[in-house]
Amino acid sequence: MKIGDPARIQLIFERALVENCLVPDLWIRYSRYLDRQLRVKDVVLSVHSRAVRNCPWTVALWTRYLLAMERHGVDHQMISATFETALSAGFIQATDYVEIWQVYLDYLRRRVDFRQDSSKELEELRSMFTRALEYLQQEVEERLSESGDPSCVIMQSWARVEARLCNNMQKARELWDSIMTRGNAKYANMWLEYYNLERAHGDTQHCRKALHRAVQCTSDYPEHVCEVLLTMERTEGTLEDWDVAVQKTETRLARVNEQRMKAAEKEAALVQQEEERVEQRKKVRAEKKALKKKKKTRGADKRKADEEDEREWGEEEEEQPCKRRRLENSVASAVAAATQEDTEVAGRCVTIDVAPPSKQKEKAASLKLDMPKVAHDSSKDSVTVFVSNLPYSMDEPEVKLRPLFEACGEVVQIRPVFSNRGDFRGYCYVEFKEEKSARQALELDRKKVEGRPMFVSPCVDKSKNPDFKVFRYSTTLEKHKLFISGLPFSCTKEELEDICKAHGTVKDLRLVTNRAGKPKGLAYVEYENESQASQAVMKMDGMTIKENVIKVAISNPPQRKVPEKPEVRTPMVPRQMYGARGKGRTQLSLLPRALQRHTAAPQAENGPALGPATTASMTTEAPKMSNADFAKLLLRK
């Protein structure tokens with residue numbers, strides 16, 4: 001763009017748009033360059049048309065398109081048709097509709113010749129102003145649940161056109177009355193705008209009337225409105241007008257100051273209440289800490305008492321054998337009596353120390369003992385389904401699951417799996433008589449059983465089929481399916497379906513839950529076609545549901561990382577033989593350096609590890625040397 005070669009700039013923009021055709025900012029930069037620099041009608045309008053076709057949700061592209069068509073003298077009917085297409089594009093925000101209406105109304109205003117009292121163009125402009133107000137009130141506010149024009153910008157433009165260009169102050173006053181009745185009477189800037197319009201095109205009487213109403217209604221900047229009223233009366237009013245204005249302003253300002261004092265007192269009271277709550281919370285925390293400390297000391301005292309009791313019991317148990325030995329030396333009848341007493345004491349100890357098992361575990365244990373152990377027959381996998389994620393607390397799983405699966409076909413056997421203690425492990429095998437019954441049972445997947453989603457999958461030996469996947473949902477891009485995140489946990493399937501139906505035909509809707517059946521705030525919505533899904537993305541993304549702002553996008557799950565295969569290990573080198581004391585800790589060579597330099601003989605056993613080539617070539621070991629030989633070598637150096 002600095003060099004200024006139009007052909008090269010246009011070519012680079014076109015290349016960028018090939019890969020980024022859904023980026024509105026790029027289209028805006030391209031169209032801005034063409035509107036300001038190139039200004040070739042066919043090229044400019046073609047690019048604008050492509051821009052709104054690729055990014056119809058961006059109001060800035062539509063406004064630029066309408067302005068470009070007007071700039072290049074396109075026929076009025078074509079511009080009106082383009083505007084109607086923009087209204088049906090489905091903008092996300094209500095303010096976007098206000099912006100596109102303003103651009104179109106400005107275009108219609110520029111077509112009117114206001115030197116004539118009445119014309120076809122003027123009537124069309126007035127009818128479009130009326131249609132714009134009705135459209136924003138009926139279509140936009142009802143669909144998006146918000147007012148896109150709270151300040152009544154379009155109505156203000158209409159009032160200015162009537163006052164300045166048509167010299168129709170009566171119509172302008174009616175429009176301003178309507179503006180004030182829509183909740184704008186409390187704002188000083190709205191009254192001052194009306195006052196300036198009356199000042200420029202009306203009369204002093206209506207100016208005074210407007211300011212008197214502003215003094216009574218304004219709540220944000222009443223001092224400013226009072227000052228404007230006093231200034232006008234000082235410049236143009238009589239003494240009576242001045243007295244009335246002073247009285248009204250003083251009364252109003254006194255009331256405003258009183259209201260502000262009450263609001264300040266209320267705010268101070270709220271602050272004081274909050275401080276008291278904070279102090280109360282601190283006291284409660286301190287009390288809880290003190291109770292915890294007391295419990296700890298009590299627990300320590302209790303542990304000491306238990307240890308002392310255990311010691312006493314230990315001493316008594318040590319004394320009991322001595323008593324028994326004494327009883328053995330006594331008379332036979334005494335021995336019998338003693339043994340009877342011992343059995344009674346033992347019986348009492350058993351009843352005191354051992355607690356009876358819970359009824360639930362007794363039932364599970366008895367059920368596990370009654371059921372014979374059946375080895376899994378892999379030849380029956382085609383007529384068997386694997387059922388998991390069942391509640392561990394389920395009593396008699398076979399009895400509860402049989403009616404559920406018998407609806408799919410004749411059930412041969414239900415094999416629940418128990419632990420060694422007799423506890424149900426949350427999964428089982430269901431064997432049918434026919435294979436079609438097993439296939440039909442797979443449709444029961446994710447059905448809730450005692451508050452948890454039951455997982456039903458084919459019975460497949462994963463050791464023989466490691467690539468088998470149970471996950472039944474697609475993990476690739478699906479342009480007709482939406483992924484919704486950020487949903488409130490209390491949102492039900494029916495509530496979400498009612499919201500999604502407003503944007504197209506919903507074929508399927510799935511709320512994502514965890515293993516316990518509790519929602520995760522995610523959902524997948526399948527529409528009939530891609531266009532309905534794209535419209536739903538534009539209209540639902542950023543929507544607020546139960547105070548939660550949701551995110552909506554086309555379903556395109558990220559690819560899962562495939563675990564890397566372990567590297568193939570190279571064949572191991574044969575282990576080197578070491579001396580009688582094994583491998584040394586440091587593997588340092590103890591040969592003198594002189595010997596290592598001048599000889600090509602292989603190193604000793606306690607030297608560095610020899611390579612395979614060296615060990616292969618070495619046929620004979622080096623002759624063993626004594627200390628005297630080493631001394632001669634050192635002296636020779």
# chains A, B, ... in the order shown; residues from 1 in each chain; ligands from 1
call {"tool": "residues_around", "arguments": {"residues": "Thr58 in chain A", "least_positions_apart": "4", "cutoff": "8 Å", "atoms": "only C-alpha atoms", "output": "PyMOL selection string"}}
result
chain A and resi 24+52+62+91
call {"tool": "select_by_dssp", "arguments": {"residues": "range 25-96 of chain A", "states": "helix (DSSP H, G or I)", "output": "number ranges by chain"}}
result
A: 25-38, 41-54, 59-71, 76-87, 94-96
call {"tool": "atom_distance", "arguments": {"atom1": "CA of Arg160 in chain A", "atom2": "CA of Leu133 in chain A"}}
result
15.7 Å
call {"tool": "residues_around", "arguments": {"residues": "range 383-392 of chain A", "least_positions_apart": "6", "cutoff": "7 Å", "atoms": "only C-alpha atoms", "output": "PyMOL selection string"}}
result
chain A and resi 424-435+438+452-459+515
call {"tool": "residues_around", "arguments": {"residues": "Ile554 in chain A", "least_positions_apart": "5", "cutoff": "6 Å", "atoms": "only C-alpha atoms", "output": "list in words"}}
result
Lys479, Leu482 and Phe483 of chain A
call {"tool": "residues_around", "arguments": {"residues": "Lys539 in chain A", "least_positions_apart": "4", "cutoff": "7 Å", "atoms": "only C-alpha atoms", "output": "MDAnalysis selection string"}}
result
chainID A and resid 90 92 535
call {"tool": "write_last_selection", "arguments": {"atoms": "C-alpha atoms", "output": "PDB file, in the first residue's frame"}}
result
ATOM      1  CA  GLY A  90     -30.020 -12.028  11.223  1.00  0.00           C
ATOM      2  CA  ILE A  92     -26.744 -10.551  16.647  1.00  0.00           C
ATOM      3  CA  GLN A 535     -28.190 -19.070  11.576  1.00  0.00           C
TER       4      GLN A 535
END
call {"tool": "residues_around", "arguments": {"residues": "range 213-224 of chain A", "least_positions_apart": "4", "cutoff": "9 Å", "atoms": "only C-alpha atoms", "output": "ChimeraX atom specification"}}
result
/A:185-189,191-192,208-209,228-229,248-249,252-253,256
call {"tool": "atom_distance", "arguments": {"atom1": "CA of Ala51 in chain A", "atom2": "CA of Glu84 in chain A"}}
result
16.6 Å
call {"tool": "residues_around", "arguments": {"residues": "Asp149 in chain A", "least_positions_apart": "5", "cutoff": "8 Å", "atoms": "only C-alpha atoms", "output": "ChimeraX atom specification"}}
result
/A:94-95,98,136,154
call {"tool": "write_last_selection", "arguments": {"atoms": "N, CA, C and O atoms", "output": "JSON list (two decimals), in the first residue's frame"}}
result
[["chain", "number", "residue", "atom", "x", "y", "z"],
["A", 94, "ALA", "N", -29.19, -5.77, 18.83],
["A", 94, "ALA", "CA", -30.28, -4.88, 18.43],
["A", 94, "ALA", "C", -29.76, -3.57, 17.86],
["A", 94, "ALA", "O", -30.38, -2.97, 16.97],
["A", 95, "THR", "N", -28.59, -3.13, 18.34],
["A", 95, "THR", "CA", -28.02, -1.87, 17.83],
["A", 95, "THR", "C", -27.63, -1.98, 16.36],
["A", 95, "THR", "O", -27.57, -0.95, 15.66],
["A", 98, "VAL", "N", -30.53, -0.78, 14.33],
["A", 98, "VAL", "CA", -30.64, 0.68, 14.36],
["A", 98, "VAL", "C", -29.65, 1.31, 13.39],
["A", 98, "VAL", "O", -29.97, 2.25, 12.65],
["A", 136, "LEU", "N", -38.45, -1.78, 14.88],
["A", 136, "LEU", "CA", -37.59, -1.89, 16.07],
["A", 136, "LEU", "C", -38.39, -2.29, 17.31],
["A", 136, "LEU", "O", -37.88, -2.99, 18.18],
["A", 154, "ILE", "N", -33.44, 7.37, 16.04],
["A", 154, "ILE", "CA", -34.16, 7.49, 14.78],
["A", 154, "ILE", "C", -35.29, 8.52, 14.90],
["A", 154, "ILE", "O", -35.54, 9.32, 13.99]]
call {"tool": "closest_residue", "arguments": {"among": "A:Leu144, A:Asn529, A:Gly486, A:Arg50", "to": "Val506 in chain A", "atoms": "only C-alpha atoms"}}
result
A:Asn529
call {"tool": "atom_distance", "arguments": {"atom1": "CA of Gly451 in chain A", "atom2": "CA of Glu396 in chain A"}}
result
16.6 Å
